[in-house]
Amino acid sequence: MAVSGPKSDAALENGLADHQPGAGSPDYETMVGEGGETQQRLQDERSGDALTDNFGHRIADNQNSLKAGARGPTLLEDFVLREKIFHFDHERIPERIVHARGSGAHGIFECTKAIPDVTKASIFQKKGASCPVFVRFSTVAGGAGSVDTPRDVRGFAVKFYTEAGNWDLVGNNIPVFFIQDAMKFPDLIHSVKMEADRGYPQAASAHDTFWDFVSLMPESMHMIMWAMSDRAIPRSLRMMEGFGVHSFRFINQDGDGKFVKFHWKPVLGVASQVWDEAVKTAGADPDFHRRDLYEAIASGDYPAWDLGVQIFDEAWAAEQPYDVLDATKLIPEEDIPVEIIGRLTLNRNVDNFFAETEQVAFLPSNVIPGIDFTNDPLLQGRLFSYLDTQKSRLGTTNFHQIPINAPKCPFHNMQRDGLMQTLVPKGRANYEPNSLNEAGEDSGPRVAPETGFTSFSDNGERNDPTDKMRIRAETFADHYSQARMFYLSQTENEQAHIASAIVFELSKVVMPHVRLRVLSRLRNIDEDLAQRVADGLSIALPEKAPAARDLVEMPISDALSIQKNAKDGFAGRKVGILFAEGSDKAMVEKLKTGVEKAGGSVFLVAPKIGPLKVKGGTLEADGKLDGSPSVLFDAIASVLMPQSAEILSKQGAAVQWFMDAYGHCKTIAHCPGTQIILDKAGVEKDDGVIPNEMLLDKGPKRHWAREPKIRDLA
Ligand code: HDE
């Protein structure tokens with residue numbers, strides 16, 4: 001019976017019924033490639049390519065779901081339908097909590113004036129240096145589907161893909177902000193967004209909660225002036241100024257720092273609507289600004305801005321009647337003129353709104369060497385927020401791999417895995433430091449102390465000598481004294497365990513230079529330990545590793561030893577009791593009651609689960625002998641008649657039961673009948689091999705004195 005139904009009218013009308021799957025699509029060979037190529041292919045879909053599902057299976061019918069008969073129910077096996085609906089159901093991601101509605105475009109930034117004396121930022125070293133950029137303009141309060149022309153601040157976020165990594169200058173079209181401290185941001189935004197109980201107004205500050213909040217926050221009054229001015233109803237995104245808002249810092253090659261404020265000056269000049277116009281535009285063309293930007297770029301009328309900087313130093317800042325770290329203040333251009341150093345030109349619309357404009361993730365923490373932060377408490381809070389928000393918006397810490405966010409310069413590090421990992425790092429160098437190169441392996445990337453990002457050390461606090469630094473205090477430099485104290489505080493047997501453990505571990509290490517390095521460090525802890533390990537491996541002791549600090553001989557601490565503090569009672573311990581047919585039920589029960597009374601528990605083990613016939617009735621085992629090895633118990637006891645013992649002495653599981661308990665230094669209580677198995681298992685009489693009657697007195701402790709007799713320790 002045919003399962004695909006007749007072609008729908010729509011399909012026939014579209015001529016799709018005659019479409020040959022695969023016509024015009026590239027060869028299989030050219031489709032096969034690494035992940036990147038596959039992604040590129042997806043972007044390069046052309047008309048005529050065969051429609052496939054997400055796993056490359058060609059689709060024969062995109063109109064009809066698979067049904068049991070023409071009018072029958074849809075079948076679960078229809079993977080084409082399921083995938084299509086499944087993907088559609090999950091198309092939306094959380095919109096930005098602020099700046100949800102935005103419009104983006106690609107472009108280029110060119111340095112028009114080199115300023116190497118104030119910053120070592122690579123992009124400002126040479127006139128004519130350039131890099132690609134992505135810019136996203138936005139409103140703040142409205143949702144992603146709101147209109148373009150409300151009275152609102154506009155976001156002006158620029159991502160520079162420089163050769164030194166991404167630099168994100170995430171600014172606004174107003175040079176000051178509502179609040180001075182990041183702590184108030186959630187309150188500010190809650191107050192301006194639609195009111196919590198009624199869900200309106202959308203994209204508007206003209207309502208109770210906003211004005212309630214700002215009237216209680218006098219620091220917002222400067223920004224309110226700007227927000228109520230015509231700046232908040234721009235004529236076009238192309239006719240807005242942009243501002244970095246905060247004071248940032250420029251650092252030059254010599255490490256000297258200067259404050260800097262960033263400005264974008266539109267080549268078209270600043271222009272605004274009047275309020276009545278803005279209101280009517282919202283109805284007539286809700287996408288007024290987005291359309292204007294798109295059409296200008298599409299027609300080759302590329303919008304451009306000059307990048308200006310106001311540069312000043314701490315001495316100048318100290319003399320001003322305001323704090324340059326206060327984001328509610330601007331620096332009048334009359335006091336510090338704006339110096340133009342570059343030009344931004346937007347020359348390419350996005351190919352896909354979601355992939356680029358929606359998924360772009362700006363991070364004020366993205367700076368390059370030569371540009372640094374200041375202590376502006378608003379900026380400091382932003383340094384956390386943006387990274388954090390991308391995880392919830394884009395769902396993965398690997399959001400940097402999304403093409404719009406990835407740097408265009410190489411990036412290498414030891415970050416691995418995570419949701420939606422699309423890179424395939426090779427080798428095992430996923431940690432640093434490593435010396436894998438000494439074994440001829442790729443050892444991965446290394447820090448670049450000369451060219452890497454270093455923070456400006458002055459903490460910016462006037463008259464406070466405390467500097468910012470990445471450093472470990474000298475008082476943390478002794479790495480061996482306490483390691484030695486720990487080792488020397490152990491019992492002889494515990495020390496042997498440590499030495500043997502290191503021998504075992506290093507015998508699994510196949511890189512000889514690593515074994516030697518460990519030994520050279522052990523010499524700083526204890527020469528005897530190092531020698532024991534070297535002997536255990538049968539290699540010569542290497543030179544002692546240099547130590548940053550002289551060893552401090554610390555007194556032995558008994559608290560560090562397990563054996564010196566062991567508790568010998570039955571509390572929390574489990575005793576395995578072995579019985580078989582013919583065993584003395586009374587004896588088994590006596591042992592059981594005794595152990596339980598002392599706080600322990602008992603597990604009955606027998607060759608078969610039973611019920612088995614025993615002297616005095618029947619008895620059921622909790623576990624079968626070959627499934628209940630003695631490693632499961634802290635001590636063992638056995639109640640066996642000689643005949644059963646004779647039979648069991650020929651069975652590996654029984655012999656090993658005792659052999660292991662003996663080897664693991666456990667208490668072995670037994671009846672005389674068991675002796676034949678004990679002999680077979682090599683169990684020799686000692687303090688821990690006792691008659692059943694002594695079990696309760698002896699307890700389940702380990703008998704370490706036995707250990708040297710049964711195994712070679714290092
Ligand atoms: Fe933002 N801001 N912001 N902001 N902001 C976001 O980050 C935040 C502030 C600005 O087109 C969010 O990726 C805090 C000042 C722009 O994708 C979020 C504080 C300035 C954009 C966030 C501020 C801005 C954002 C939401 C106070 C001007 C849009 C989605 C400490 C200098 C970027 C996202 C784009 C977006 C937090 C204050 C500009 C939640 C906590 C001041 C242009 O992380």
# chains A, B, ... in the order shown; residues from 1 in each chain; ligands from 1
>>> residues_around(residues="Arg515 of chain A", least_positions_apart="5", cutoff="10 Å", atoms="only C-alpha atoms", output="ChimeraX atom specification")
/A:502-503,505-510,520,534,537,539,542
>>> write_last_selection(atoms="C-alpha atoms", output="PDB file, in the first residue's frame")
ATOM      1  CA  ILE A 502      53.257   6.495  44.536  1.00  0.00           C
ATOM      2  CA  VAL A 503      55.177   3.551  43.112  1.00  0.00           C
ATOM      3  CA  GLU A 505      50.855   5.433  40.203  1.00  0.00           C
ATOM      4  CA  LEU A 506      54.236   6.236  38.701  1.00  0.00           C
ATOM      5  CA  SER A 507      54.524   2.758  37.270  1.00  0.00           C
ATOM      6  CA  LYS A 508      51.466   3.693  35.190  1.00  0.00           C
ATOM      7  CA  VAL A 509      53.092   6.953  34.057  1.00  0.00           C
ATOM      8  CA  VAL A 510      54.760   6.273  30.744  1.00  0.00           C
ATOM      9  CA  SER A 520      62.946  15.183  42.550  1.00  0.00           C
ATOM     10  CA  ALA A 534      62.930   5.108  43.390  1.00  0.00           C
ATOM     11  CA  LEU A 537      60.430   1.690  40.379  1.00  0.00           C
ATOM     12  CA  ILE A 539      65.289   3.911  38.861  1.00  0.00           C
ATOM     13  CA  PRO A 542      67.400  12.395  40.281  1.00  0.00           C
TER      14      PRO A 542
END
>>> residues_around(residues="Ile331 of chain A", least_positions_apart="4", cutoff="12 Å", atoms="only C-alpha atoms", output="NGL selection string")
:A and (175-176 or 243 or 245-247 or 259-263 or 309-312 or 316-317 or 320-327 or 335-338)
>>> residues_near_ligand(ligand="ligand 1", cutoff="6 Å", atoms="only C-alpha atoms and all ligand atoms", output="ChimeraX atom specification")
/A:96-99,136-138,155-157,170-172,177,182,185,244-245,361-362,378-379,381-382,385-386,389-390
>>> write_last_selection(atoms="N, CA and C atoms", output="PDB file, in the first residue's frame")
ATOM      1  N   ARG A  96      16.731  39.716  25.261  1.00  0.00           N
ATOM      2  CA  ARG A  96      17.547  40.482  26.213  1.00  0.00           C
ATOM      3  C   ARG A  96      16.638  41.153  27.235  1.00  0.00           C
ATOM      4  N   ILE A  97      17.055  41.140  28.495  1.00  0.00           N
ATOM      5  CA  ILE A  97      16.246  41.770  29.538  1.00  0.00           C
ATOM      6  C   ILE A  97      16.165  43.274  29.313  1.00  0.00           C
ATOM      7  N   VAL A  98      17.235  43.838  28.787  1.00  0.00           N
ATOM      8  CA  VAL A  98      17.206  45.229  28.291  1.00  0.00           C
ATOM      9  C   VAL A  98      17.757  45.215  26.880  1.00  0.00           C
ATOM     10  N   HIS A  99      17.467  46.249  26.118  1.00  0.00           N
ATOM     11  CA  HIS A  99      17.967  46.364  24.740  1.00  0.00           C
ATOM     12  C   HIS A  99      17.488  45.188  23.886  1.00  0.00           C
ATOM     13  N   ARG A 136      25.376  46.966  16.871  1.00  0.00           N
ATOM     14  CA  ARG A 136      23.947  46.744  17.135  1.00  0.00           C
ATOM     15  C   ARG A 136      23.408  47.961  17.863  1.00  0.00           C
ATOM     16  N   PHE A 137      22.387  48.595  17.254  1.00  0.00           N
ATOM     17  CA  PHE A 137      21.689  49.702  17.892  1.00  0.00           C
ATOM     18  C   PHE A 137      20.433  49.136  18.532  1.00  0.00           C
ATOM     19  N   SER A 138      19.961  49.774  19.588  1.00  0.00           N
ATOM     20  CA  SER A 138      18.794  49.197  20.254  1.00  0.00           C
ATOM     21  C   SER A 138      18.034  50.253  21.041  1.00  0.00           C
ATOM     22  N   GLY A 155      20.805  52.071  22.568  1.00  0.00           N
ATOM     23  CA  GLY A 155      22.084  51.377  22.716  1.00  0.00           C
ATOM     24  C   GLY A 155      22.916  51.566  21.460  1.00  0.00           C
ATOM     25  N   PHE A 156      24.212  51.612  21.620  1.00  0.00           N
ATOM     26  CA  PHE A 156      25.142  51.801  20.496  1.00  0.00           C
ATOM     27  C   PHE A 156      26.339  50.896  20.813  1.00  0.00           C
ATOM     28  N   ALA A 157      26.205  49.623  20.422  1.00  0.00           N
ATOM     29  CA  ALA A 157      27.208  48.629  20.816  1.00  0.00           C
ATOM     30  C   ALA A 157      28.064  48.251  19.609  1.00  0.00           C
ATOM     31  N   VAL A 170      30.485  48.966  24.388  1.00  0.00           N
ATOM     32  CA  VAL A 170      29.036  48.791  24.506  1.00  0.00           C
ATOM     33  C   VAL A 170      28.449  50.048  25.139  1.00  0.00           C
ATOM     34  N   GLY A 171      28.098  50.990  24.285  1.00  0.00           N
ATOM     35  CA  GLY A 171      27.684  52.298  24.784  1.00  0.00           C
ATOM     36  C   GLY A 171      26.240  52.634  24.483  1.00  0.00           C
ATOM     37  N   ASN A 172      25.894  53.884  24.757  1.00  0.00           N
ATOM     38  CA  ASN A 172      24.562  54.408  24.504  1.00  0.00           C
ATOM     39  C   ASN A 172      24.667  55.686  23.682  1.00  0.00           C
ATOM     40  N   PHE A 177      24.471  58.150  32.672  1.00  0.00           N
ATOM     41  CA  PHE A 177      23.528  57.074  32.976  1.00  0.00           C
ATOM     42  C   PHE A 177      22.661  57.445  34.173  1.00  0.00           C
ATOM     43  N   ALA A 182      26.169  49.665  40.010  1.00  0.00           N
ATOM     44  CA  ALA A 182      25.506  48.516  39.378  1.00  0.00           C
ATOM     45  C   ALA A 182      24.414  47.923  40.262  1.00  0.00           C
ATOM     46  N   PHE A 185      20.874  48.668  39.183  1.00  0.00           N
ATOM     47  CA  PHE A 185      20.411  48.432  37.815  1.00  0.00           C
ATOM     48  C   PHE A 185      19.129  47.598  37.739  1.00  0.00           C
ATOM     49  N   GLY A 244      30.831  55.920  25.108  1.00  0.00           N
ATOM     50  CA  GLY A 244      31.245  54.784  25.952  1.00  0.00           C
ATOM     51  C   GLY A 244      30.755  54.966  27.379  1.00  0.00           C
ATOM     52  N   VAL A 245      30.313  56.162  27.717  1.00  0.00           N
ATOM     53  CA  VAL A 245      29.771  56.560  29.018  1.00  0.00           C
ATOM     54  C   VAL A 245      30.833  56.551  30.126  1.00  0.00           C
ATOM     55  N   ALA A 361      26.728  38.768  21.022  1.00  0.00           N
ATOM     56  CA  ALA A 361      26.862  38.877  22.481  1.00  0.00           C
ATOM     57  C   ALA A 361      27.952  39.896  22.788  1.00  0.00           C
ATOM     58  N   PHE A 362      27.538  41.047  23.269  1.00  0.00           N
ATOM     59  CA  PHE A 362      28.524  42.080  23.608  1.00  0.00           C
ATOM     60  C   PHE A 362      28.963  41.926  25.058  1.00  0.00           C
ATOM     61  N   LEU A 378      29.658  51.292  38.199  1.00  0.00           N
ATOM     62  CA  LEU A 378      28.663  50.841  37.238  1.00  0.00           C
ATOM     63  C   LEU A 378      29.336  49.924  36.217  1.00  0.00           C
ATOM     64  N   LEU A 379      30.490  50.353  35.769  1.00  0.00           N
ATOM     65  CA  LEU A 379      31.257  49.545  34.817  1.00  0.00           C
ATOM     66  C   LEU A 379      31.667  48.218  35.451  1.00  0.00           C
ATOM     67  N   GLY A 381      30.195  46.451  37.647  1.00  0.00           N
ATOM     68  CA  GLY A 381      29.054  45.525  37.670  1.00  0.00           C
ATOM     69  C   GLY A 381      28.770  44.970  36.283  1.00  0.00           C
ATOM     70  N   ARG A 382      28.957  45.809  35.264  1.00  0.00           N
ATOM     71  CA  ARG A 382      28.687  45.360  33.896  1.00  0.00           C
ATOM     72  C   ARG A 382      29.667  44.261  33.490  1.00  0.00           C
ATOM     73  N   SER A 385      27.909  41.193  34.469  1.00  0.00           N
ATOM     74  CA  SER A 385      26.551  40.952  33.965  1.00  0.00           C
ATOM     75  C   SER A 385      26.488  40.412  32.536  1.00  0.00           C
ATOM     76  N   TYR A 386      27.302  40.981  31.670  1.00  0.00           N
ATOM     77  CA  TYR A 386      27.129  40.634  30.258  1.00  0.00           C
ATOM     78  C   TYR A 386      27.544  39.200  29.967  1.00  0.00           C
ATOM     79  N   THR A 389      24.772  37.026  31.345  1.00  0.00           N
ATOM     80  CA  THR A 389      23.507  37.055  30.612  1.00  0.00           C
ATOM     81  C   THR A 389      23.590  36.236  29.316  1.00  0.00           C
ATOM     82  N   GLN A 390      24.782  36.172  28.719  1.00  0.00           N
ATOM     83  CA  GLN A 390      24.879  35.429  27.445  1.00  0.00           C
ATOM     84  C   GLN A 390      24.604  33.951  27.657  1.00  0.00           C
TER      85      GLN A 390
END
>>> select_by_dssp(residues="segment 160-339 of chain A", states="helix (DSSP H, G or I)", output="MDAnalysis selection string")
chainID A and resid 182:192 208:216 218:227 230:232 237:239 275:284 288:298 314:318
>>> closest_atom_pairs(of="segment 516-612 of chain A", to="segment 664-688 of chain A", cutoff="12 Å", atoms="only C-alpha atoms", output="tab-separated table")
residue	atom	partner	partner_atom	distance
A:Asp568	CA	A:Thr667	CA	11.1
A:Phe570	CA	A:Thr667	CA	11.7
A:Arg573	CA	A:Lys666	CA	11.9
A:Lys574	CA	A:Thr667	CA	11.7
A:Val575	CA	A:Thr667	CA	9.6
A:Gly576	CA	A:Ile668	CA	9.9
A:Ile577	CA	A:Ala669	CA	9.0
A:Leu578	CA	A:His670	CA	9.2
A:Phe579	CA	A:Thr674	CA	10.1
A:Ala580	CA	A:Thr674	CA	11.1
A:Gly582	CA	A:Gly673	CA	11.4
A:Ser583	CA	A:Gly673	CA	9.8
A:Asp584	CA	A:Cys671	CA	10.2
A:Met587	CA	A:Cys671	CA	9.6
A:Val588	CA	A:Cys671	CA	10.8
A:Leu591	CA	A:Ala669	CA	10.1
>>> write_last_selection(atoms="C-alpha atoms", output="short mmCIF file (atom, residue, chain, number, x, y, z; two decimals), in the first residue's frame")
data_model
loop_
_atom_site.label_atom_id
_atom_site.label_comp_id
_atom_site.auth_asym_id
_atom_site.auth_seq_id
_atom_site.Cartn_x
_atom_site.Cartn_y
_atom_site.Cartn_z
CA ASP A 568 38.13 -0.67 66.91
CA PHE A 570 31.74 -2.88 65.64
CA ARG A 573 31.01 -2.22 60.54
CA LYS A 574 29.74 -5.28 58.73
CA VAL A 575 30.68 -8.87 59.46
CA GLY A 576 30.28 -11.62 56.86
CA ILE A 577 29.45 -15.02 58.36
CA LEU A 578 29.96 -18.06 56.17
CA PHE A 579 27.87 -21.17 56.78
CA ALA A 580 26.86 -24.21 54.76
CA GLY A 582 25.11 -28.82 58.51
CA SER A 583 26.45 -25.67 60.19
CA ASP A 584 25.49 -24.94 63.77
CA MET A 587 26.54 -20.53 66.69
CA VAL A 588 25.59 -18.43 63.67
CA LEU A 591 27.63 -14.39 66.50
#
>>> residues_around(residues="segment 200-202 of chain A", least_positions_apart="4", cutoff="10 Å", atoms="only C-alpha atoms", output="JSON list (two decimals) with N, CA and C atoms, in the first residue's frame")
[["chain", "number", "residue", "atom", "x", "y", "z"],
["A", 141, "ALA", "N", 13.94, 49.80, 26.77],
["A", 141, "ALA", "CA", 12.85, 49.28, 27.61],
["A", 141, "ALA", "C", 11.95, 48.28, 26.89],
["A", 142, "GLY", "N", 11.73, 48.48, 25.60],
["A", 142, "GLY", "CA", 10.73, 47.67, 24.91],
["A", 142, "GLY", "C", 11.19, 46.25, 24.62],
["A", 143, "GLY", "N", 10.23, 45.37, 24.38],
["A", 143, "GLY", "CA", 10.53, 43.99, 24.01],
["A", 143, "GLY", "C", 11.02, 43.93, 22.57],
["A", 146, "SER", "N", 8.73, 45.37, 19.94],
["A", 146, "SER", "CA", 8.15, 46.71, 20.14],
["A", 146, "SER", "C", 8.57, 47.63, 18.99],
["A", 147, "VAL", "N", 8.23, 48.90, 19.12],
["A", 147, "VAL", "CA", 8.44, 49.83, 18.00],
["A", 147, "VAL", "C", 9.80, 50.51, 18.12],
["A", 150, "PRO", "N", 10.01, 54.90, 20.42],
["A", 150, "PRO", "CA", 9.53, 55.40, 21.71],
["A", 150, "PRO", "C", 10.53, 56.43, 22.25],
["A", 192, "VAL", "N", 11.23, 50.71, 34.89],
["A", 192, "VAL", "CA", 10.90, 51.29, 33.58],
["A", 192, "VAL", "C", 10.17, 50.30, 32.67],
["A", 193, "LYS", "N", 10.37, 49.02, 32.91],
["A", 193, "LYS", "CA", 9.70, 48.02, 32.06],
["A", 193, "LYS", "C", 8.20, 48.02, 32.37],
["A", 194, "MET", "N", 7.42, 47.31, 31.58],
["A", 194, "MET", "CA", 5.98, 47.26, 31.84],
["A", 194, "MET", "C", 5.74, 46.86, 33.29],
["A", 195, "GLU", "N", 4.70, 47.44, 33.89],
["A", 195, "GLU", "CA", 4.51, 47.23, 35.33],
["A", 195, "GLU", "C", 4.14, 45.78, 35.62],
["A", 196, "ALA", "N", 4.66, 45.31, 36.75],
["A", 196, "ALA", "CA", 4.66, 43.87, 37.02],
["A", 196, "ALA", "C", 3.27, 43.27, 37.12],
["A", 206, "ALA", "N", 6.76, 56.67, 30.49],
["A", 206, "ALA", "CA", 5.72, 57.54, 31.04],
["A", 206, "ALA", "C", 4.73, 56.74, 31.89],
["A", 207, "HIS", "N", 5.18, 56.33, 33.07],
["A", 207, "HIS", "CA", 4.26, 55.62, 33.96],
["A", 207, "HIS", "C", 4.77, 55.68, 35.39]]
>>> atom_distance(atom1="atom CA of Val274 of chain A", atom2="atom CA of Ala227 of chain A")
13.4 Å
>>> residues_around(residues="His106 of chain A", least_positions_apart="3", cutoff="12 Å", atoms="only C-alpha atoms", output="PyMOL selection string")
chain A and resi 103+109+131-137+157-161+293-294+297-298+302-304+344-353+356-357+360+404
>>> residues_around(residues="Ala496 of chain A", least_positions_apart="5", cutoff="9 Å", atoms="only C-alpha atoms", output="list in words")
Thr491, Ala501, Leu529, Arg532, Leu713 and Ala714 of chain A
>>> residues_around(residues="Gln490 of chain A", least_positions_apart="3", cutoff="10 Å", atoms="only C-alpha atoms", output="PDB file with C-alpha atoms, in the first residue's frame")
ATOM      1  CA  MET A 485      54.899  16.774  58.552  1.00  0.00           C
ATOM      2  CA  PHE A 486      52.036  14.714  57.103  1.00  0.00           C
ATOM      3  CA  TYR A 487      54.344  11.952  55.937  1.00  0.00           C
ATOM      4  CA  ASN A 493      52.611   0.989  57.830  1.00  0.00           C
ATOM      5  CA  GLU A 494      50.856   4.106  56.580  1.00  0.00           C
ATOM      6  CA  GLN A 495      54.158   5.461  55.277  1.00  0.00           C
ATOM      7  CA  ALA A 496      54.643   2.197  53.412  1.00  0.00           C
ATOM      8  CA  HIS A 497      51.174   2.627  51.906  1.00  0.00           C
ATOM      9  CA  ILE A 498      52.055   6.127  50.701  1.00  0.00           C
ATOM     10  CA  ILE A 556      54.686  15.329  64.284  1.00  0.00           C
ATOM     11  CA  SER A 557      50.907  15.542  64.477  1.00  0.00           C
ATOM     12  CA  ASP A 558      49.198  12.328  65.574  1.00  0.00           C
ATOM     13  CA  ALA A 559      45.864  13.723  64.443  1.00  0.00           C
ATOM     14  CA  LEU A 560      47.014  13.225  60.839  1.00  0.00           C
ATOM     15  CA  SER A 561      47.237   9.443  61.083  1.00  0.00           C
ATOM     16  CA  ILE A 562      44.245   7.195  60.485  1.00  0.00           C
ATOM     17  CA  GLN A 563      45.817   4.218  62.199  1.00  0.00           C
ATOM     18  CA  LYS A 564      46.818   6.098  65.308  1.00  0.00           C
TER      19      LYS A 564
END
>>> atom_distance(atom1="atom CA of Ser130 of chain A", atom2="atom CA of Ile340 of chain A")
15.1 Å
>>> select_by_dssp(residues="segment 247-476 of chain A", states="strand (DSSP E)", output="PyMOL selection string")
chain A and resi 248-251+257-266+304-312+339-349+371-372
>>> write_last_selection(atoms="N, CA and C atoms", output="short mmCIF file (atom, residue, chain, number, x, y, z; two decimals), in the first residue's frame")
data_model
loop_
_atom_site.label_atom_id
_atom_site.label_comp_id
_atom_site.auth_asym_id
_atom_site.auth_seq_id
_atom_site.Cartn_x
_atom_site.Cartn_y
_atom_site.Cartn_z
N PHE A 248 37.20 55.06 30.71
CA PHE A 248 38.05 53.87 30.55
C PHE A 248 39.50 54.31 30.74
N ARG A 249 40.41 53.38 30.51
CA ARG A 249 41.82 53.75 30.65
C ARG A 249 42.58 53.30 29.41
N PHE A 250 43.44 54.18 28.94
CA PHE A 250 44.38 53.83 27.88
C PHE A 250 45.72 53.55 28.55
N ILE A 251 46.44 52.55 28.08
CA ILE A 251 47.76 52.25 28.64
C ILE A 251 48.75 52.17 27.48
N GLY A 257 49.30 55.09 32.28
CA GLY A 257 47.86 55.08 32.07
C GLY A 257 47.27 56.48 32.00
N LYS A 258 46.27 56.64 31.13
CA LYS A 258 45.50 57.89 31.05
C LYS A 258 44.03 57.50 31.02
N PHE A 259 43.18 58.38 31.55
CA PHE A 259 41.75 58.14 31.42
C PHE A 259 41.31 58.46 30.00
N VAL A 260 40.25 57.77 29.56
CA VAL A 260 39.70 58.09 28.23
C VAL A 260 38.18 57.92 28.24
N LYS A 261 37.51 58.86 27.58
CA LYS A 261 36.06 58.73 27.31
C LYS A 261 35.92 58.60 25.81
N PHE A 262 35.07 57.66 25.37
CA PHE A 262 34.89 57.42 23.94
C PHE A 262 33.62 58.10 23.42
N HIS A 263 33.72 58.64 22.23
CA HIS A 263 32.58 59.32 21.57
C HIS A 263 32.45 58.83 20.13
N TRP A 264 31.23 58.64 19.67
CA TRP A 264 30.99 58.41 18.24
C TRP A 264 30.27 59.64 17.71
N LYS A 265 30.81 60.27 16.67
CA LYS A 265 30.19 61.48 16.08
C LYS A 265 29.67 61.11 14.69
N PRO A 266 28.34 61.17 14.49
CA PRO A 266 27.79 60.75 13.18
C PRO A 266 28.18 61.74 12.09
N ALA A 304 28.23 56.50 8.63
CA ALA A 304 29.59 56.52 9.20
C ALA A 304 29.64 57.39 10.44
N TRP A 305 30.55 57.06 11.29
CA TRP A 305 30.77 57.82 12.53
C TRP A 305 32.27 58.01 12.73
N ASP A 306 32.64 59.12 13.30
CA ASP A 306 34.04 59.31 13.71
C ASP A 306 34.17 58.89 15.16
N LEU A 307 35.25 58.21 15.45
CA LEU A 307 35.52 57.85 16.85
C LEU A 307 36.37 58.95 17.47
N GLY A 308 35.85 59.52 18.55
CA GLY A 308 36.59 60.57 19.24
C GLY A 308 36.95 60.13 20.64
N VAL A 309 38.02 60.72 21.17
CA VAL A 309 38.41 60.40 22.54
C VAL A 309 38.70 61.68 23.31
N GLN A 310 38.31 61.67 24.56
CA GLN A 310 38.73 62.71 25.49
C GLN A 310 39.75 62.04 26.41
N ILE A 311 40.95 62.54 26.40
CA ILE A 311 42.02 61.90 27.20
C ILE A 311 42.45 62.86 28.31
N PHE A 312 42.53 62.34 29.51
CA PHE A 312 42.93 63.19 30.64
C PHE A 312 43.61 62.33 31.69
N GLU A 339 39.09 64.38 20.49
CA GLU A 339 40.10 64.22 19.44
C GLU A 339 39.66 63.05 18.55
N ILE A 340 39.54 63.27 17.27
CA ILE A 340 39.06 62.21 16.37
C ILE A 340 40.23 61.29 15.98
N ILE A 341 40.01 59.98 16.18
CA ILE A 341 41.12 59.04 15.90
C ILE A 341 40.71 57.90 14.95
N GLY A 342 39.44 57.85 14.56
CA GLY A 342 39.08 56.74 13.68
C GLY A 342 37.72 56.94 13.03
N ARG A 343 37.42 56.09 12.07
CA ARG A 343 36.11 56.18 11.42
C ARG A 343 35.49 54.79 11.29
N LEU A 344 34.21 54.75 11.64
CA LEU A 344 33.42 53.52 11.54
C LEU A 344 32.46 53.67 10.37
N THR A 345 32.43 52.70 9.48
CA THR A 345 31.50 52.75 8.35
C THR A 345 30.72 51.45 8.30
N LEU A 346 29.42 51.55 8.27
CA LEU A 346 28.60 50.33 8.18
C LEU A 346 28.28 50.09 6.72
N ASN A 347 28.71 48.94 6.19
CA ASN A 347 28.60 48.74 4.75
C ASN A 347 27.98 47.41 4.35
N ARG A 348 27.47 46.67 5.32
CA ARG A 348 26.86 45.37 4.94
C ARG A 348 25.75 45.01 5.90
N ASN A 349 24.58 44.76 5.33
CA ASN A 349 23.48 44.31 6.18
C ASN A 349 23.70 42.86 6.60
N ILE A 371 43.85 48.93 26.47
CA ILE A 371 42.58 49.50 26.95
C ILE A 371 42.24 48.77 28.24
N ASP A 372 41.84 49.50 29.25
CA ASP A 372 41.55 48.85 30.53
C ASP A 372 40.34 49.54 31.18
#
>>> decode(residues="segment 235-248 of chain A", atoms="C-alpha atoms", output="PDB file, in the first residue's frame")
ATOM      1  CA  ARG A 235      15.453  60.858  13.544  1.00  0.00           C
ATOM      2  CA  SER A 236      17.584  57.913  12.482  1.00  0.00           C
ATOM      3  CA  LEU A 237      20.064  55.483  13.960  1.00  0.00           C
ATOM      4  CA  ARG A 238      22.462  57.017  11.476  1.00  0.00           C
ATOM      5  CA  MET A 239      22.053  60.404  13.112  1.00  0.00           C
ATOM      6  CA  MET A 240      22.856  59.555  16.708  1.00  0.00           C
ATOM      7  CA  GLU A 241      25.967  60.193  18.698  1.00  0.00           C
ATOM      8  CA  GLY A 242      27.367  57.299  20.707  1.00  0.00           C
ATOM      9  CA  PHE A 243      29.224  57.320  24.002  1.00  0.00           C
ATOM     10  CA  GLY A 244      31.245  54.784  25.952  1.00  0.00           C
ATOM     11  CA  VAL A 245      29.771  56.560  29.018  1.00  0.00           C
ATOM     12  CA  HIS A 246      32.320  55.322  31.570  1.00  0.00           C
ATOM     13  CA  SER A 247      35.835  56.606  31.945  1.00  0.00           C
ATOM     14  CA  PHE A 248      38.054  53.868  30.555  1.00  0.00           C
TER      15      PHE A 248
END
